Each structure stands twice: as structure tokens, then as C-alpha cells.
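Below is one structure, written out as C-alpha cells; comments come after it.
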Amino acid sequence: MRIVDIITKKRDGGELSRAEIELFIRGYVAGEVPDYQAAAFCMAVFFRGMTPQETTHLTEAMAFSGDTLDLHDVAAFIVDKHSSGGVGDKTTLVVGPMVASLGVPVGKMSGRGLSFSGGTLDKLEAIPGYRVDLTIAQFKRQLREVGVVVAGQTHELAPADGKLYALRDVTGTVDSLPLIAGSIMSKKIAAGADAIVLDVKVGKGAFMETLPEAVELAELMAQIGRGLGRKMTALIGDMSQPLGLAAGNALEVAEAIETLHGRGPADFRQHCVDVAAEMLLIARVHVPGTSEVPGTFEAESAHTQAAATLDNGTAWAKFRQWIAAQGGDLAVVDDPGRLAHAPIIEPLLAPRDGYVAKVDAREVGFTVVDLGGGRAVKGDPVDPAVGVVLEERGKIGGKVAAGEPLLWVHARTDVACAAALARLAAAYAFSDAPVAAPPVIHRVIR
Ligand code: URA
């Protein structure tokens with residue numbers, strides 16, 4: 001069987017067998033299948049889709065394309081979370097220490113920015129000194145000693161995803177349901193999670209734009225996970241507008257730090273509390289001060305306990321411990337004013353009185369990429385300082401008067417700033433009548 005035959009079969013709408021999918025993935029990881037054939041394969045899948053059976057084969061082939069991690073020598077039960085990607089999504093920076101501070105270990109392999117969506121590793125690297133390249137031994141030691149570790153995917157774990165993820169980013173093949181499901185689930189399976197909380201985003205700033213598509217992705221991933229013996233929960237979170245106010249690496253770190261101090265934007269805080277609560281619930285942990293019996297831990301107390309970690313300083317303390325363990329400069333996180341900042345900061349002014357009816361999150365995400373905060377080409381460096389910070393009134397439902405700032409662009413040059421302001425002006429729509437803000441979470445699938 002030749003690789004070109006597999007590509008052609010998929011291009012013509014055929015259903016690939018397990019053997020065909022394995023051959024392609026093995027060849028790609030071994031360097032025998034070149035990037036141009038892999039790009040053609042991804043494009044064929046993008047247009048033709050995959051059956052749930054093919055997607056399961058793809059996930060397994062990717063998950064077992066390298067080593068798999070067994071973390072049970074560190075903790076009896078490992079919970080992981082994964083976002084399907086969005087704009088302003090700095091959830092891991094907050095949720096990791098929240099959950100770890102309640103005794104549930106969080107060991108995460110995260111990714112980089114993809115298309116218009118930011119990446120957790122790029123955000124963490126905005127903290128000077130933060131190391132994402134850990135060996136498996138270092139990863140485990142930190143998980144044991146600190147309870148939270150977020151590193152890059154090592155070359156040994158799901159290497160097929162590492163290669164395909166970077167390729168898809170620059171070949172227009174990101175927003176494909178089977179490719180997203182395979183990518184997310186293969187890393188989670190390889191990284192040794194017993195339970196996975198999926199944070200599936202829906203809206204213009206997500207890869208799934210409609211609720212039915214997002215639910216389909218969530219259910220497909222849950223089905224794959226359960227088929228491989230994992231406990232699964234999915235939240236469908238809104239991404240019609242950016243999550244929180246900040247989009248851009250250092251700007252998002254600053255917002256995560258605000259949130260860890262019990263402040264921060266209300267929608268982002270609620271999102272973090274909801275995700276953390278699901279992680280606690282799925283771990284069925286006994287949290288001191290709640291039920292005495294593991295397994296009877298209720299949703300309400302999970303939310304209360306999760307929120308308390310933001311208000312009583314325990315999540316912040318855990319965050320500092322985590323960042324220090326990975327080499328991050330604590331002087332910077334203690335004084336976020338020392339994070340990289342852009343030389344030019346200009347407002348986008350409301351063109352009229354009214355209510356904000358739309359802030360196209362995808363356009364905000366691409367603006368951040370254009371400013372230099374994301375990548376146009378595989379391997380490009382990112383500028384940590386640039387991005388966009390919305391005003392509360394600049395979000396959907398906000399009441400604005402003509403001339404008031406809707407947001408602020410943080411740019412490296414005047415030219416980049418002007419282009420960003422023009423693009424963002426077109427991302428807004430206004431209404432004369434009041435507009436309801438979208439729900440933060442549309443649905444929880446347990
Ligand atoms: N997140 C991932 O890990 N992979 C995708 O393909 C999309 C979002």
C-alpha cells in the first residue's frame with residue numbers, strides 16, 4: 001500500500017481502515033512520509049471528514065505513536081483538562097493551581113498557539129525563565145512535589161500530534177472535527193490521564209462555531225475516551241467573544257494573576273470555577289470541609305471550594321510554587337508590571353452610542369497573530385508583549401457612548417497598531433436595544 005493511495009482514498013470519500021491510518025501515522029512520525037503528503041492527507045480529511053470509527057483509529061495511532069506516560073507511581077488518579085482552543089483562553093494558568101491546591105494533582109502537556117487560538121505554552125513563556133521542556137523524570141518529580149506541572153509535549157509522547165499540530169496550523173486544516181478530536185484525545189491518552197475534563201469552546205472564536213458542532217465534537221471525544229477506559233466530562237463554553245478581557249501572551253498572564261488574587265473579569269472567573277469544579281467532581285475527591293465520604297461530593301460544594309481557592313490565596317500560593325519550580329521569575333509574577341510590554345498602546349473608540357451586539361473573537365485572535373502574538377509560519381517566534389485588552393463595556397451587552405474606548409491595542413509599531421485598529425473596528429456591531437451577554441457555559445455533559 002502506498003501513501004498516495006491512502007490520500008486518494010480519503011480524497012474520494014472512502015473509509016480508511018485501521019491498518020491504513022496506522023501506516024500513514026507511523027510513516028509520518030518516522031520521517032518517511034513528507035510534510036507535503038501529510039498536508040494533502042489533512043486536507044482530504046478536512047473536506048471528507050472521518051467516521052467515528054476512523055477517528056478512533058486515528059486517535060489510537062497518534063496516542064501510541066511514541067511513549068505513553070504512566071503517572072500512577074506519583075498519584076493514584078490523574079485528572080487532566082483540555083481546551084479545544086479559543087481567544088483569551090488562559091484557563092489552565094488559573095485552574096491548574098486551583099485544583100492542585102485542593103489536593104488533586106494536575107500534570108499537563110500543553111500546546112502552542114494554533115491559527116487564531118492562543119497556546120498555553122506561549123503564554124507561560126511570557127514569564128521570564130519559565131521552562132517548558134522537561135524530561136519525564138522532571139515532570140513526575142514536580143507533579144509529586146508541587147502537585148502541578150505544565151510542560152510542552154515531549155518528543156516521545158504522541159509525536160504524531162506534535163508534528164501534525166504544527167503542520168495543520170499553517171495549511172488551513174485546523175478546524176476539522178476528526179483532526180481536532182484525534183489531536184486532543186491522543187495527547188490526553190498518551191499523557192496518562194484517568195479522567196479528562198474537556199473544555200470545548202463554541203462560537204466565532206472557536207474551531208466549532210455552532211452548538212450542535214461543539215456538542216458533536218464533545219460527544220465524539222467522550223466516546224473515544226470512554227472506549228479507552230477514561231472517565232470523561234465535557235463543558236461547552238462560550239467563545240463568541242474573547243474569554244475575559246485580555247488576548248495576547250503577557251497580557252493574559254497578567255489577567256490570570258489578577259484572577260488568582262480573587263479579582264479578574266467575572267466571565268473568566270466563572271469559567272475557571274466551573275472547569276475546576278468539574279475536575280474535582282470527576283476526581284471524586286474528598287475536599288476537607290465538605291462531604292466525609294468520597295463519591296458523595298456534590299456539585300455545589302465543588303463550586304464553593306473551587307471559588308474559595310481564588311479568594312483565600314491558596315491557588316495563588318500554589319501558582320507561585322509551580323512557576324518557581326519551572327524556573328519562572330517570581331519577581332515578575334509578583335509584580336506583573338514587569339512582564340514584557342508593548343511600546344504603543346492605543347484605544348479603539350466606540351463609533352456610536354448603543355449596546356455592543358458583537359465582538360468577533362476570531363477577528364480578535366487573528367489581530368493578535370498579525371500583531372506578532374501568534375505564528376504565520378511553523379516555528380515563528382512570538383512577541384509576548386502585544387495583544388488586545390477589552391474594556392468591560394467593550395464586551396457583548398456593554399452600553400457605550402460614542403468616543404468611549406472599547407478596547408486597547410498593544411502593538412510593537414504604529415503601522416501594526418493602525419492595521420489592528422482597523423481590523424477590530426470591523427469586528428464590532430452595535431444595537432440600539434439592550435443586548436444580553438451570552439452564557440459563559442452553554443452545557444455540561446457528564
Ligand atoms: N487543541 C488541540 O490540542 N488540538 C487541536 O487540533 C485543536 C485544539
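Residues in the C-alpha cells are numbered from 1 in each chain, the chains being A, B, ... in the order shown, and ligands are numbered from 1 in the order shown.
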
Would you list, as a count of residues only, the residues of stretch 182-360 of chain A that end up in helix (DSSP H, G or I) under DSSP run on this structure's backbone?
-> 89

Any idea what's packed within 10 Å of stretch 105-108 of chain A, counting only C-alpha atoms, ignoring anything in its chain fewer than 4 positions away? Could you give it as a ChimeraX atom specification?
-> /A:71,74-82,92,95-101,139-140,142-153,187-188,191-193,279,283

Point out the residue among A:Ile344, A:Ala276, A:Ala126, A:Val368 with the least atom-to-atom distance to A:Val94, counting only C-alpha atoms.
->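 Of all the options, A:Ala276 lies closest to A:Val94.
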
Go through the chains and note each residue within 7 Å of ligand 1, using only C-alpha atoms and all ligand atoms, then give the set as number ranges by chain.
-> A: 83-85, 111, 165, 174, 179-181, 183-184

I need the chosen residues saved as a short mmCIF file (atom, residue, chain, number, x, y, z; two decimals), in the first residue's frame, with C-alpha atoms.
data_model
loop_
_atom_site.label_atom_id
_atom_site.label_comp_id
_atom_site.auth_asym_id
_atom_site.auth_seq_id
_atom_site.Cartn_x
_atom_site.Cartn_y
_atom_site.Cartn_z
CA SER A 83 -9.48 23.23 25.93
CA SER A 84 -10.40 22.88 22.28
CA GLY A 85 -8.90 26.34 21.81
CA GLY A 111 0.37 23.16 23.21
CA TYR A 165 -0.45 20.13 15.01
CA VAL A 174 -7.13 23.15 11.88
CA LEU A 179 -8.40 16.10 13.35
CA ILE A 180 -9.21 18.12 16.48
CA ALA A 181 -10.66 15.09 18.27
CA SER A 183 -5.20 15.67 18.33
CA ILE A 184 -6.71 16.38 21.74
#

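Pairwise distance (atom CA of A:His155, atom CA of A:Thr173) equals 22.0 Å.
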